[in-house]
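Colleague: What follows is the file start17.cif, containing mmCIF, C-alpha atoms and all ligand atoms:
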```
data_query
loop_
_atom_site.label_atom_id
_atom_site.label_comp_id
_atom_site.auth_asym_id
_atom_site.auth_seq_id
_atom_site.Cartn_x
_atom_site.Cartn_y
_atom_site.Cartn_z
CA MET A 572 12.56 2.20 7.82
CA ILE A 573 8.97 3.38 7.30
CA VAL A 574 7.23 2.80 3.95
CA LEU A 575 3.95 4.37 2.91
CA SER A 576 2.37 2.29 0.14
CA VAL A 577 -0.53 2.74 -2.26
CA GLU A 578 -2.57 0.16 -4.20
CA SER A 579 -5.37 1.06 -6.63
CA SER A 580 -4.99 -1.37 -9.55
CA CYS A 581 -8.56 -2.68 -9.56
CA ASP A 582 -11.50 -2.08 -7.20
CA GLU A 583 -9.78 -1.55 -3.85
CA THR A 584 -8.35 1.82 -2.78
CA SER A 585 -5.68 1.07 -0.19
CA VAL A 586 -2.88 2.85 1.69
CA SER A 587 -0.63 1.21 4.27
CA ILE A 588 2.27 2.02 6.57
CA ILE A 589 4.95 -0.69 6.93
CA LYS A 590 7.85 -0.70 9.39
CA ASN A 591 11.10 -2.49 8.45
CA GLY A 592 9.46 -4.57 5.73
CA THR A 593 7.37 -6.75 8.03
CA GLN A 594 5.38 -4.81 10.61
CA VAL A 595 2.02 -3.56 9.35
CA LEU A 596 1.31 -0.35 11.28
CA SER A 597 -1.83 0.36 9.25
CA ASN A 598 -3.56 -1.08 6.19
CA VAL A 599 -6.66 0.84 5.17
CA VAL A 600 -8.71 -0.79 2.39
CA PHE A 601 -11.78 0.86 0.85
CA SER A 602 -13.50 -1.82 -1.21
CA GLN A 603 -15.76 -0.84 -4.09
CA ILE A 604 -17.36 -4.29 -4.36
CA ASP A 605 -20.82 -2.96 -3.43
CA VAL A 606 -20.72 -0.41 -6.25
CA HIS A 607 -19.75 -2.97 -8.91
CA GLN A 608 -21.98 -5.81 -7.71
CA ALA A 609 -25.00 -4.43 -9.56
CA TYR A 610 -23.08 -4.87 -12.84
CA GLY A 611 -21.80 -8.39 -12.14
CA GLY A 612 -18.16 -7.31 -12.40
CA VAL A 613 -15.79 -4.34 -12.17
CA VAL A 614 -16.72 -1.39 -14.42
CA PRO A 615 -13.37 0.37 -15.13
CA GLU A 616 -14.74 3.91 -15.48
CA ILE A 617 -16.70 3.64 -12.23
CA ALA A 618 -13.64 2.14 -10.50
CA SER A 619 -11.48 5.18 -11.43
CA ARG A 620 -14.09 7.60 -10.11
CA GLU A 621 -14.44 5.70 -6.84
CA HIS A 622 -10.65 5.76 -6.38
CA VAL A 623 -10.67 9.54 -6.89
CA LYS A 624 -13.41 9.87 -4.27
CA GLY A 625 -11.61 7.71 -1.71
CA ILE A 626 -7.88 8.21 -2.11
CA THR A 627 -7.25 11.27 0.09
CA VAL A 628 -9.45 9.94 2.90
CA VAL A 629 -7.62 6.59 2.76
CA PHE A 630 -4.23 8.39 2.85
CA GLU A 631 -5.22 10.39 5.92
CA LYS A 632 -6.70 7.36 7.69
CA ALA A 633 -3.60 5.21 7.04
CA LEU A 634 -1.27 7.91 8.45
CA LYS A 635 -3.52 8.44 11.46
CA GLU A 636 -3.93 4.72 12.26
CA GLY A 637 -0.18 4.20 11.84
CA ASP A 638 0.44 7.19 14.13
CA MET A 639 2.70 8.78 11.51
CA THR A 640 3.22 12.20 9.98
CA PRO A 641 4.60 12.69 6.45
CA SER A 642 8.04 13.54 7.88
CA ASP A 643 8.27 10.01 9.39
CA ILE A 644 8.03 8.35 5.96
CA ASP A 645 11.30 7.12 4.36
CA LEU A 646 9.93 5.61 1.15
CA VAL A 647 6.74 5.69 -0.95
CA ALA A 648 5.79 2.50 -2.83
CA VAL A 649 2.97 2.38 -5.37
CA THR A 650 1.49 -0.25 -7.70
CA LYS A 651 2.58 0.63 -11.25
CA GLY A 652 0.71 -2.24 -12.99
CA PRO A 653 -0.70 -4.47 -14.26
CA GLY A 654 -4.28 -3.38 -13.70
CA LEU A 655 -6.99 -1.03 -14.93
CA ILE A 656 -5.13 1.98 -16.29
CA GLY A 657 -7.58 4.61 -15.00
CA SER A 658 -7.49 3.04 -11.53
CA LEU A 659 -3.70 2.73 -11.47
CA LEU A 660 -3.24 6.39 -12.43
CA VAL A 661 -5.22 7.62 -9.43
CA GLY A 662 -2.93 5.80 -6.98
CA ILE A 663 0.23 6.71 -8.90
CA ASN A 664 -0.64 10.41 -9.04
CA ALA A 665 -1.50 10.49 -5.35
CA ALA A 666 1.76 8.69 -4.48
CA LYS A 667 3.78 11.03 -6.70
CA ALA A 668 2.17 14.12 -5.20
CA PHE A 669 2.89 12.88 -1.67
CA ALA A 670 6.49 11.88 -2.49
CA PHE A 671 7.19 15.15 -4.33
CA ALA A 672 5.62 17.40 -1.68
CA HIS A 673 7.57 15.77 1.14
CA ASP A 674 10.77 14.99 -0.84
CA ILE A 675 10.62 11.22 -0.27
CA PRO A 676 12.07 8.59 -2.66
CA MET A 677 9.48 6.51 -4.54
CA VAL A 678 9.40 3.02 -6.09
CA GLY A 679 6.86 1.59 -8.54
CA ILE A 680 5.87 -1.99 -7.73
CA HIS A 681 4.51 -4.79 -9.91
CA HIS A 682 1.13 -5.85 -8.49
CA ILE A 683 2.10 -9.54 -8.48
CA ALA A 684 5.39 -8.80 -6.69
CA GLY A 685 3.12 -7.29 -4.03
CA HIS A 686 1.00 -10.44 -3.80
CA ILE A 687 4.18 -12.54 -3.53
CA TYR A 688 5.66 -10.34 -0.76
CA ALA A 689 2.43 -10.59 1.29
CA ASN A 690 4.05 -13.85 2.42
CA ALA A 691 7.00 -11.97 3.94
CA ILE A 692 4.56 -10.41 6.45
CA GLU A 693 4.09 -13.95 7.83
CA GLU A 694 7.60 -15.46 7.55
CA PRO A 695 11.02 -14.41 6.20
CA LEU A 696 11.40 -15.75 2.64
CA VAL A 697 13.93 -18.57 2.17
CA PHE A 698 15.48 -19.19 -1.26
CA PRO A 699 15.17 -20.89 -3.65
CA LEU A 700 11.41 -20.81 -3.31
CA ILE A 701 8.47 -21.69 -5.52
CA CYS A 702 5.51 -19.33 -5.54
CA LEU A 703 2.10 -20.29 -6.88
CA VAL A 704 0.38 -17.09 -8.05
CA VAL A 705 -3.40 -17.44 -8.18
CA SER A 706 -5.43 -14.27 -8.66
CA GLY A 707 -8.23 -12.78 -10.72
CA GLY A 708 -5.83 -12.00 -13.56
CA HIS A 709 -2.91 -14.41 -13.09
CA THR A 710 -2.11 -18.08 -12.65
CA GLU A 711 1.58 -18.84 -12.71
CA LEU A 712 4.44 -20.68 -11.05
CA ILE A 713 7.39 -18.45 -10.14
CA LEU A 714 10.89 -19.51 -9.08
CA MET A 715 12.73 -17.04 -6.82
CA LYS A 716 16.43 -17.68 -6.22
CA ASP A 717 16.80 -14.48 -4.20
CA HIS A 718 14.92 -11.33 -3.20
CA TYR A 719 13.30 -9.61 -6.14
CA GLN A 720 14.48 -12.24 -8.65
CA PHE A 721 11.42 -13.63 -10.41
CA GLU A 722 11.63 -16.44 -12.96
CA LYS A 723 8.35 -17.52 -14.52
CA LEU A 724 8.22 -21.31 -14.95
CA GLY A 725 4.78 -21.41 -16.55
CA GLU A 726 1.43 -19.69 -16.67
CA THR A 727 -2.13 -20.06 -17.86
CA GLN A 728 -2.65 -20.23 -21.59
CA ASP A 729 -6.12 -18.71 -21.34
CA ASP A 730 -8.26 -17.81 -18.29
CA ALA A 731 -6.82 -17.06 -14.87
CA ILE A 732 -8.02 -19.24 -12.02
CA GLY A 733 -9.94 -16.42 -10.27
CA GLU A 734 -11.60 -15.50 -13.56
CA ALA A 735 -12.76 -19.14 -13.96
CA TYR A 736 -14.13 -19.12 -10.40
CA ASP A 737 -16.00 -15.85 -11.02
CA LYS A 738 -17.43 -17.07 -14.35
CA VAL A 739 -18.62 -20.36 -12.85
CA ALA A 740 -20.21 -18.43 -9.98
CA ARG A 741 -21.95 -16.05 -12.34
CA THR A 742 -23.27 -18.93 -14.49
CA VAL A 743 -24.91 -20.59 -11.50
CA GLY A 744 -26.19 -17.23 -10.19
CA LEU A 745 -23.91 -16.74 -7.18
CA GLY A 746 -23.09 -13.06 -7.80
CA TYR A 747 -19.79 -11.19 -7.86
CA PRO A 748 -17.06 -11.84 -6.78
CA GLY A 749 -18.01 -15.49 -6.91
CA GLY A 750 -14.77 -17.19 -5.85
CA PRO A 751 -15.45 -17.04 -2.09
CA VAL A 752 -19.06 -18.27 -2.56
CA VAL A 753 -18.01 -21.23 -4.73
CA ASP A 754 -15.40 -22.06 -2.07
CA ARG A 755 -17.99 -21.97 0.72
CA LEU A 756 -20.53 -24.10 -1.19
CA ALA A 757 -17.82 -26.58 -2.24
CA HIS A 758 -17.41 -27.54 1.41
CA GLN A 759 -21.10 -28.44 1.63
CA GLY A 760 -21.10 -30.60 -1.50
CA ARG A 761 -19.78 -33.90 -2.82
CA ILE A 762 -17.34 -34.44 -5.67
CA ASN A 763 -19.57 -36.30 -8.09
CA TYR A 764 -19.74 -34.33 -11.34
CA PRO A 765 -17.10 -35.50 -13.85
CA MET A 766 -14.69 -32.70 -14.84
CA PRO A 767 -12.14 -32.49 -17.67
CA ASP A 768 -8.56 -33.58 -16.97
CA LEU A 769 -6.59 -30.37 -16.39
CA THR A 770 -3.16 -31.98 -16.12
CA LYS A 771 -2.79 -32.35 -19.92
CA GLN A 772 -1.05 -28.98 -20.40
CA PRO A 773 2.71 -29.51 -20.82
CA GLY A 774 5.25 -28.62 -18.12
CA TYR A 775 4.13 -25.80 -15.87
CA MET A 776 1.44 -24.47 -18.20
CA PHE A 777 -2.18 -24.21 -17.07
CA SER A 778 -5.54 -23.92 -18.85
CA PHE A 779 -8.88 -23.19 -17.22
CA SER A 780 -11.11 -22.19 -20.15
CA GLY A 781 -12.02 -25.84 -20.87
CA ILE A 782 -13.34 -26.53 -17.37
CA LYS A 783 -15.11 -23.18 -17.30
CA SER A 784 -16.95 -24.00 -20.56
CA HIS A 785 -17.67 -27.49 -19.28
CA VAL A 786 -19.46 -26.10 -16.21
CA ILE A 787 -21.34 -23.52 -18.31
CA ASN A 788 -22.50 -26.30 -20.67
CA LEU A 789 -23.63 -28.48 -17.77
CA VAL A 790 -25.72 -25.61 -16.42
CA HIS A 791 -27.24 -24.72 -19.80
CA ASN A 792 -28.04 -28.34 -20.68
CA ALA A 793 -29.70 -28.87 -17.31
CA LYS A 794 -31.80 -25.73 -17.82
CA GLN A 795 -32.95 -26.92 -21.26
CA ARG A 796 -33.96 -30.28 -19.84
CA ASN A 797 -35.60 -28.65 -16.84
CA GLU A 798 -33.32 -30.59 -14.51
CA THR A 799 -32.01 -29.16 -11.25
CA LEU A 800 -28.29 -29.24 -10.64
CA ARG A 801 -26.86 -29.73 -7.18
CA ILE A 802 -24.93 -26.47 -7.00
CA GLU A 803 -22.90 -27.51 -3.93
CA ASP A 804 -21.78 -30.70 -5.70
CA LEU A 805 -20.93 -28.76 -8.84
CA CYS A 806 -18.81 -26.33 -6.79
CA ALA A 807 -17.11 -29.22 -4.96
CA SER A 808 -16.30 -31.01 -8.23
CA PHE A 809 -14.99 -27.84 -9.90
CA GLN A 810 -12.89 -26.91 -6.86
CA GLU A 811 -11.41 -30.41 -6.61
CA ALA A 812 -10.33 -30.39 -10.28
CA VAL A 813 -8.74 -26.93 -10.27
CA THR A 814 -6.97 -27.24 -6.91
CA GLU A 815 -5.63 -30.66 -7.91
CA VAL A 816 -3.81 -29.34 -10.98
CA LEU A 817 -2.41 -26.39 -8.99
CA LEU A 818 -1.04 -28.80 -6.38
CA ASP A 819 0.26 -31.31 -8.91
CA LYS A 820 2.36 -28.74 -10.79
CA SER A 821 3.53 -26.97 -7.62
CA ILE A 822 4.84 -30.25 -6.18
CA LYS A 823 6.69 -31.00 -9.45
CA ALA A 824 8.30 -27.53 -9.44
CA ILE A 825 9.36 -27.87 -5.78
CA ALA A 826 11.12 -31.16 -6.60
CA GLU A 827 12.73 -29.98 -9.85
CA TYR A 828 14.17 -26.78 -8.37
CA LYS A 829 14.90 -28.23 -4.90
CA ALA A 830 12.89 -25.44 -3.32
CA LYS A 831 13.40 -24.68 0.37
CA MET A 832 10.06 -22.90 0.73
CA PHE A 833 6.64 -22.87 -0.95
CA ILE A 834 4.39 -19.80 -0.90
CA ILE A 835 1.04 -18.87 -2.44
CA ALA A 836 0.05 -15.42 -3.66
CA GLY A 837 -3.11 -13.69 -4.92
CA GLY A 838 -6.81 -13.55 -4.11
CA VAL A 839 -7.39 -17.28 -4.67
CA ALA A 840 -4.83 -18.01 -1.91
CA ALA A 841 -7.84 -17.32 0.36
CA ASN A 842 -9.45 -20.51 -0.99
CA LYS A 843 -9.97 -22.91 1.90
CA GLY A 844 -9.88 -26.00 -0.32
CA LEU A 845 -6.52 -24.97 -1.77
CA ARG A 846 -5.07 -24.02 1.63
CA LYS A 847 -6.10 -27.37 3.12
CA LYS A 848 -4.66 -29.39 0.23
CA VAL A 849 -1.37 -27.49 0.33
CA GLN A 850 -1.01 -28.02 4.07
CA GLU A 851 -1.82 -31.73 3.76
CA ARG A 852 0.37 -32.48 0.76
CA ILE A 853 3.42 -30.24 1.03
CA THR A 854 4.95 -31.30 4.32
CA ASP A 855 8.69 -31.58 3.62
CA ILE A 856 9.44 -27.84 3.29
CA PRO A 857 8.01 -24.74 5.03
CA VAL A 858 4.78 -23.51 3.45
CA THR A 859 3.53 -19.95 3.88
CA ILE A 860 0.15 -18.60 2.84
CA PRO A 861 -0.74 -14.96 3.53
CA ASN A 862 -3.26 -14.14 6.21
CA PHE A 863 -6.77 -13.73 4.66
CA ASP A 864 -6.48 -9.91 4.98
CA TYR A 865 -3.39 -9.89 2.78
CA CYS A 866 -4.61 -12.37 0.12
CA THR A 867 -6.87 -10.00 -1.78
CA ASP A 868 -5.71 -6.58 -2.97
CA ASN A 869 -4.20 -4.37 -0.25
CA ALA A 870 -1.41 -1.80 0.07
CA ALA A 871 0.46 -3.62 2.87
CA MET A 872 1.80 -6.17 0.39
CA ILE A 873 2.97 -3.33 -1.91
CA GLY A 874 4.80 -1.71 1.03
CA VAL A 875 6.64 -4.94 1.88
CA ALA A 876 7.61 -5.47 -1.78
CA GLY A 877 8.68 -1.80 -1.93
CA TYR A 878 10.95 -2.24 1.08
CA TYR A 879 12.70 -5.27 -0.44
CA LYS A 880 12.95 -3.69 -3.89
CA TYR A 881 14.53 -0.58 -2.41
CA ILE A 882 17.06 -2.35 -0.18
CA THR A 883 18.08 -5.06 -2.68
CA GLN A 884 17.83 -3.29 -6.07
CA LYS A 885 18.85 0.15 -4.78
CA THR A 886 16.77 1.85 -7.46
CA THR A 887 14.02 4.44 -7.23
CA ASP A 888 11.57 5.85 -9.75
CA THR A 889 11.30 9.43 -10.90
CA MET A 890 8.23 11.62 -11.30
CA ALA A 891 8.02 10.18 -14.83
CA LEU A 892 6.66 6.92 -13.38
CA ASN A 893 3.60 5.89 -15.38
CA GLY A 894 0.94 3.23 -14.95
CA LYS A 895 0.86 0.26 -17.32
CA SER A 896 -2.13 -2.03 -17.80
CA ARG A 897 0.24 -4.84 -18.84
CA VAL A 898 3.75 -5.17 -17.51
CA ARG A 899 6.09 -8.14 -17.02
CA LEU A 900 7.10 -9.30 -13.55
CA GLU A 901 10.61 -10.44 -14.48
O1 LIG A 1001 -5.69 -10.95 -6.22
P1 LIG A 1001 -7.07 -10.44 -6.31
O2 LIG A 1001 -7.66 -9.71 -5.13
O3 LIG A 1001 -7.23 -9.50 -7.52
C1 LIG A 1001 -6.40 -9.61 -8.64
O4 LIG A 1001 -5.25 -9.15 -8.56
O5 LIG A 1001 -6.87 -10.25 -9.60
O6 LIG A 1001 -7.96 -11.70 -6.66
C2 LIG A 1001 -9.34 -11.61 -6.86
C3 LIG A 1001 -9.83 -12.99 -7.25
C4 LIG A 1001 -11.30 -12.98 -7.68
O7 LIG A 1001 -11.40 -13.68 -8.90
C5 LIG A 1001 -11.99 -13.73 -6.54
O8 LIG A 1001 -13.15 -14.41 -6.94
C6 LIG A 1001 -10.89 -14.68 -6.10
O9 LIG A 1001 -9.73 -13.90 -6.14
N1 LIG A 1001 -11.11 -15.22 -4.75
C7 LIG A 1001 -11.34 -16.52 -4.51
C8 LIG A 1001 -11.53 -16.65 -3.11
N2 LIG A 1001 -11.38 -15.40 -2.55
C9 LIG A 1001 -11.12 -14.54 -3.58
N3 LIG A 1001 -11.41 -17.57 -5.34
C10 LIG A 1001 -11.65 -18.78 -4.81
N4 LIG A 1001 -11.84 -18.98 -3.49
C11 LIG A 1001 -11.79 -17.96 -2.60
N5 LIG A 1001 -11.98 -18.17 -1.30
ZN ZN A 1002 -4.42 -8.67 -6.93
#
```
Could I get this file's structure written as structure tokens?
Modeller:
Amino acid sequence: MIVLSVESSCDETSVSIIKNGTQVLSNVVFSQIDVHQAYGGVVPEIASREHVKGITVVFEKALKEGDMTPSDIDLVAVTKGPGLIGSLLVGINAAKAFAFAHDIPMVGIHHIAGHIYANAIEEPLVFPLICLVVSGGHTELILMKDHYQFEKLGETQDDAIGEAYDKVARTVGLGYPGGPVVDRLAHQGRINYPMPDLTKQPGYMFSFSGIKSHVINLVHNAKQRNETLRIEDLCASFQEAVTEVLLDKSIKAIAEYKAKMFIIAGGVAANKGLRKKVQERITDIPVTIPNFDYCTDNAAMIGVAGYYKYITQKTTDTMALNGKSRVRLE
């Protein structure tokens, strides 16, 4: 079964061709990062325009690289939300037009389901599993008892982990997106700045606004006193505190729900500190982390999720499919 998938929820325009839910025949990603960098973050209106500029070229390139023609495609999968509404609509309209013109069934996919299914490109999923979702907009622990069954155990009460990384990076002048830079500098520093205890949130809840403000205050106070901060040490201390709470709660969830597999999803799954800790500390069950290419936004993950949604839920969407900036995963 051949799936053509489309992702345009934020600042990446991407189209992919997936064979039988696992084989990535093509995954074309046009990143807009350069365009948004000047503004220190994604500007929604600019993002929509860039998607419009890129979408048809990305479609053509994905078909060509996958050595496919429209008549080879069995299913179209497209991100329906959450995300920037203007950006989502560009991908959805392109997917609808393609599906309608070639009479192909279509499924709308939750962006986070896509991030979760990026793991199925690496290994078949084994249930029950615990998934740690860590992206620019989400931080949550998900229990999956079967394909396409998502149960949210807990989530952040305020900022998402990626958002905290980006804010910390911006405060110390590391540019956008800051997560990867903080990660790189953390490996050159020492853990010697005290950080707030993040394990106080009950159960599987998270909170990252406290630590974010703590770092901002440290930076501002140092500036006022004309002191220089050791940025690498600050990054190392921040990274240690946030990855520790993610690990702590993941390990508790694995034990409570007797999980047979642990997976990580979302852009922050690319974090080397987190990947190392997970591999060192979760050794009793299989652990899967997507390949770096499939951690940040891409259409391949949407195609894999689309395949599983279609074969397990046996539902498709009509031409009335609409984008939603906020939509629940469950
Ligand atoms: O999943 P994603 O591509 O977009 C959303 O769906 O939100 O995640 C983007 C987030 C950004 O906040 C970015 O800074 C963060 O992932 N990120 C990282 C790393 N690579 C990307 N954060 C920490 N360490 C990294 N290596
Ligand atoms: Zn994402």
Colleague: Set the cut-off to 7 Å, count all atoms listed in the file, and list whatever residues fall near ligand LIG 1001 (chain A) as a list of chain:residue names.
Modeller: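 The neighbouring residues of ligand LIG 1001 (chain A) are, in order, A:Ser706, A:Gly707, A:Gly708, A:His709, A:Gly733, A:Glu734, A:Tyr736, A:Asp737, A:Pro748, A:Gly749, A:Gly750, A:Pro751, A:Val753, A:Asp754, A:Gly837, A:Gly838, A:Val839, A:Ala840, A:Ala841, A:Asn842, A:Lys843, A:Cys866, A:Thr867, A:Asp868.
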Colleague: If you keep C-alpha atoms, can you produce a file of those selected residues as a JSON list (two decimals), in the coordinates of the input?
Modeller:
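File produced: part-v8.json:
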```json
[["chain", "number", "residue", "atom", "x", "y", "z"],
["A", 706, "SER", "CA", -5.43, -14.27, -8.66],
["A", 707, "GLY", "CA", -8.23, -12.78, -10.72],
["A", 708, "GLY", "CA", -5.83, -12.00, -13.56],
["A", 709, "HIS", "CA", -2.91, -14.41, -13.09],
["A", 733, "GLY", "CA", -9.94, -16.42, -10.27],
["A", 734, "GLU", "CA", -11.60, -15.50, -13.56],
["A", 736, "TYR", "CA", -14.13, -19.12, -10.40],
["A", 737, "ASP", "CA", -16.00, -15.85, -11.02],
["A", 748, "PRO", "CA", -17.06, -11.84, -6.78],
["A", 749, "GLY", "CA", -18.01, -15.49, -6.91],
["A", 750, "GLY", "CA", -14.77, -17.19, -5.85],
["A", 751, "PRO", "CA", -15.45, -17.04, -2.09],
["A", 753, "VAL", "CA", -18.01, -21.23, -4.73],
["A", 754, "ASP", "CA", -15.40, -22.06, -2.07],
["A", 837, "GLY", "CA", -3.11, -13.69, -4.92],
["A", 838, "GLY", "CA", -6.81, -13.55, -4.11],
["A", 839, "VAL", "CA", -7.39, -17.28, -4.67],
["A", 840, "ALA", "CA", -4.83, -18.01, -1.91],
["A", 841, "ALA", "CA", -7.84, -17.32, 0.36],
["A", 842, "ASN", "CA", -9.45, -20.51, -0.99],
["A", 843, "LYS", "CA", -9.97, -22.91, 1.90],
["A", 866, "CYS", "CA", -4.61, -12.37, 0.12],
["A", 867, "THR", "CA", -6.87, -10.00, -1.78],
["A", 868, "ASP", "CA", -5.71, -6.58, -2.97]]
```
Colleague: Compile the contact shell of stretch 638-640 of chain A as a PyMOL selection string: residues with an atom at most 12 Å away, counting only C-alpha atoms, same-chain residues fewer than 4 positions apart removed.
Modeller: chain A and resi 573-575+587-590+595-597+630-634+644-645+669+673
Colleague: Take the residues from that selection and write them out as a PDB file, in the coordinates of the input, keeping C-alpha atoms.
Modeller:
```pdb
ATOM      1  CA  ILE A 573       8.970   3.380   7.300  1.00  0.00           C
ATOM      2  CA  VAL A 574       7.230   2.800   3.950  1.00  0.00           C
ATOM      3  CA  LEU A 575       3.950   4.370   2.910  1.00  0.00           C
ATOM      4  CA  SER A 587      -0.630   1.210   4.270  1.00  0.00           C
ATOM      5  CA  ILE A 588       2.270   2.020   6.570  1.00  0.00           C
ATOM      6  CA  ILE A 589       4.950  -0.690   6.930  1.00  0.00           C
ATOM      7  CA  LYS A 590       7.850  -0.700   9.390  1.00  0.00           C
ATOM      8  CA  VAL A 595       2.020  -3.560   9.350  1.00  0.00           C
ATOM      9  CA  LEU A 596       1.310  -0.350  11.280  1.00  0.00           C
ATOM     10  CA  SER A 597      -1.830   0.360   9.250  1.00  0.00           C
ATOM     11  CA  PHE A 630      -4.230   8.390   2.850  1.00  0.00           C
ATOM     12  CA  GLU A 631      -5.220  10.390   5.920  1.00  0.00           C
ATOM     13  CA  LYS A 632      -6.700   7.360   7.690  1.00  0.00           C
ATOM     14  CA  ALA A 633      -3.600   5.210   7.040  1.00  0.00           C
ATOM     15  CA  LEU A 634      -1.270   7.910   8.450  1.00  0.00           C
ATOM     16  CA  ILE A 644       8.030   8.350   5.960  1.00  0.00           C
ATOM     17  CA  ASP A 645      11.300   7.120   4.360  1.00  0.00           C
ATOM     18  CA  PHE A 669       2.890  12.880  -1.670  1.00  0.00           C
ATOM     19  CA  HIS A 673       7.570  15.770   1.140  1.00  0.00           C
TER      20      HIS A 673
END
```
Colleague: Neighbours of A:Gly654 within 12 Å (only C-alpha atoms; same-chain residues fewer than 5 positions away dropped), as a count of residues only?
Modeller: 28
Colleague: What is the atom CA of A:Gly877 to atom CA of A:Tyr688 distance in Å?
Modeller: 9.1 Å
Colleague: Mind checking which residues fall within 8 Å of A:Val629, counting only C-alpha atoms, ignoring those fewer than 2 positions away in the same chain, and posting them as a ChimeraX atom specification?
Modeller: /A:584-586,599-601,625-627,631-633
Colleague: Do a neighbour search on A:Ile835 at 12 Å with only C-alpha atoms, toss out local chain neighbours closer than 6 positions, and write the hits as a CSV table (one decimal) with C-alpha atoms, in the coordinates of the input.
Modeller:
```
chain,number,residue,atom,x,y,z
A,683,ILE,CA,2.1,-9.5,-8.5
A,684,ALA,CA,5.4,-8.8,-6.7
A,685,GLY,CA,3.1,-7.3,-4.0
A,686,HIS,CA,1.0,-10.4,-3.8
A,687,ILE,CA,4.2,-12.5,-3.5
A,688,TYR,CA,5.7,-10.3,-0.8
A,689,ALA,CA,2.4,-10.6,1.3
A,690,ASN,CA,4.0,-13.8,2.4
A,691,ALA,CA,7.0,-12.0,3.9
A,693,GLU,CA,4.1,-14.0,7.8
A,696,LEU,CA,11.4,-15.8,2.6
A,700,LEU,CA,11.4,-20.8,-3.3
A,701,ILE,CA,8.5,-21.7,-5.5
A,702,CYS,CA,5.5,-19.3,-5.5
A,703,LEU,CA,2.1,-20.3,-6.9
A,704,VAL,CA,0.4,-17.1,-8.0
A,705,VAL,CA,-3.4,-17.4,-8.2
A,706,SER,CA,-5.4,-14.3,-8.7
A,710,THR,CA,-2.1,-18.1,-12.6
A,711,GLU,CA,1.6,-18.8,-12.7
A,712,LEU,CA,4.4,-20.7,-11.0
A,713,ILE,CA,7.4,-18.4,-10.1
A,714,LEU,CA,10.9,-19.5,-9.1
A,817,LEU,CA,-2.4,-26.4,-9.0
A,818,LEU,CA,-1.0,-28.8,-6.4
A,821,SER,CA,3.5,-27.0,-7.6
A,841,ALA,CA,-7.8,-17.3,0.4
A,842,ASN,CA,-9.4,-20.5,-1.0
A,845,LEU,CA,-6.5,-25.0,-1.8
A,846,ARG,CA,-5.1,-24.0,1.6
A,849,VAL,CA,-1.4,-27.5,0.3
A,850,GLN,CA,-1.0,-28.0,4.1
A,857,PRO,CA,8.0,-24.7,5.0
A,858,VAL,CA,4.8,-23.5,3.4
A,859,THR,CA,3.5,-20.0,3.9
A,860,ILE,CA,0.2,-18.6,2.8
A,861,PRO,CA,-0.7,-15.0,3.5
A,862,ASN,CA,-3.3,-14.1,6.2
A,863,PHE,CA,-6.8,-13.7,4.7
A,865,TYR,CA,-3.4,-9.9,2.8
A,866,CYS,CA,-4.6,-12.4,0.1
A,867,THR,CA,-6.9,-10.0,-1.8
```
Colleague: Considering all atoms listed in the file, return as a count of residues only whatever protein or nucleic-acid residues lie within 10 Å of A:Ala648, sequence-local ones (same chain, fewer than 3 positions apart) excluded.
Modeller: 29
Colleague: Work out how far atom CA of A:His785 is from atom CA of A:Ile802, in Å to one decimal.
Modeller: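 We find that atom CA of A:Ile802 and atom CA of A:His785 lie 14.3 Å from each other.
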Colleague: Between A:Glu851, A:Ser642, A:Ile787, A:Asn869, which has the minimum distance to ligand ZN 1002 (chain A) (counting all atoms listed in the file)?
Modeller: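 Residue with the minimum atom-to-atom distance to ligand ZN 1002 (chain A): A:Asn869.
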Colleague: Grab the atom CA of A:His622 to atom CA of A:Gly657 distance for me, in Å with one decimal place.
Modeller: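 Value for the atom CA of A:His622-atom CA of A:Gly657 distance: 9.2 Å.
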Colleague: I'd like to know which of A:Thr889, A:Thr727, A:Thr650, A:Gln795 is closest to ligand ZN 1002 (chain A), using all atoms listed in the file.
Modeller: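 Smallest distance to ligand ZN 1002 (chain A) is found for A:Thr650.
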Colleague: Taking only C-alpha atoms and all ligand atoms into account, name the residue in A:Ile853, A:Gly844, A:Tyr719, A:Ala731 that is nearest to ligand ZN 1002 (chain A).
Modeller: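 Smallest distance to ligand ZN 1002 (chain A) is found for A:Ala731.
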Colleague: Counting all atoms listed in the file, which of A:Val816, A:Ile882, A:Met715, A:Ile675 gets nearest to A:Ile834?
Modeller: A:Met715
Colleague: From the set A:Leu769, A:Ala824, A:Ile762, A:Arg620, which residue has the shortest atom-to-atom contact distance to A:Ser658, counting all atoms listed in the file?
Modeller: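 Using all atoms listed in the file, A:Ser658 sits closest to A:Arg620.
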Colleague: Between A:Met872, A:Ala807, A:Val628, A:Val649, which has the minimum distance to ligand ZN 1002 (chain A) (counting only C-alpha atoms and all ligand atoms)?
Modeller: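 Selected residue with least distance to ligand ZN 1002 (chain A): A:Met872.
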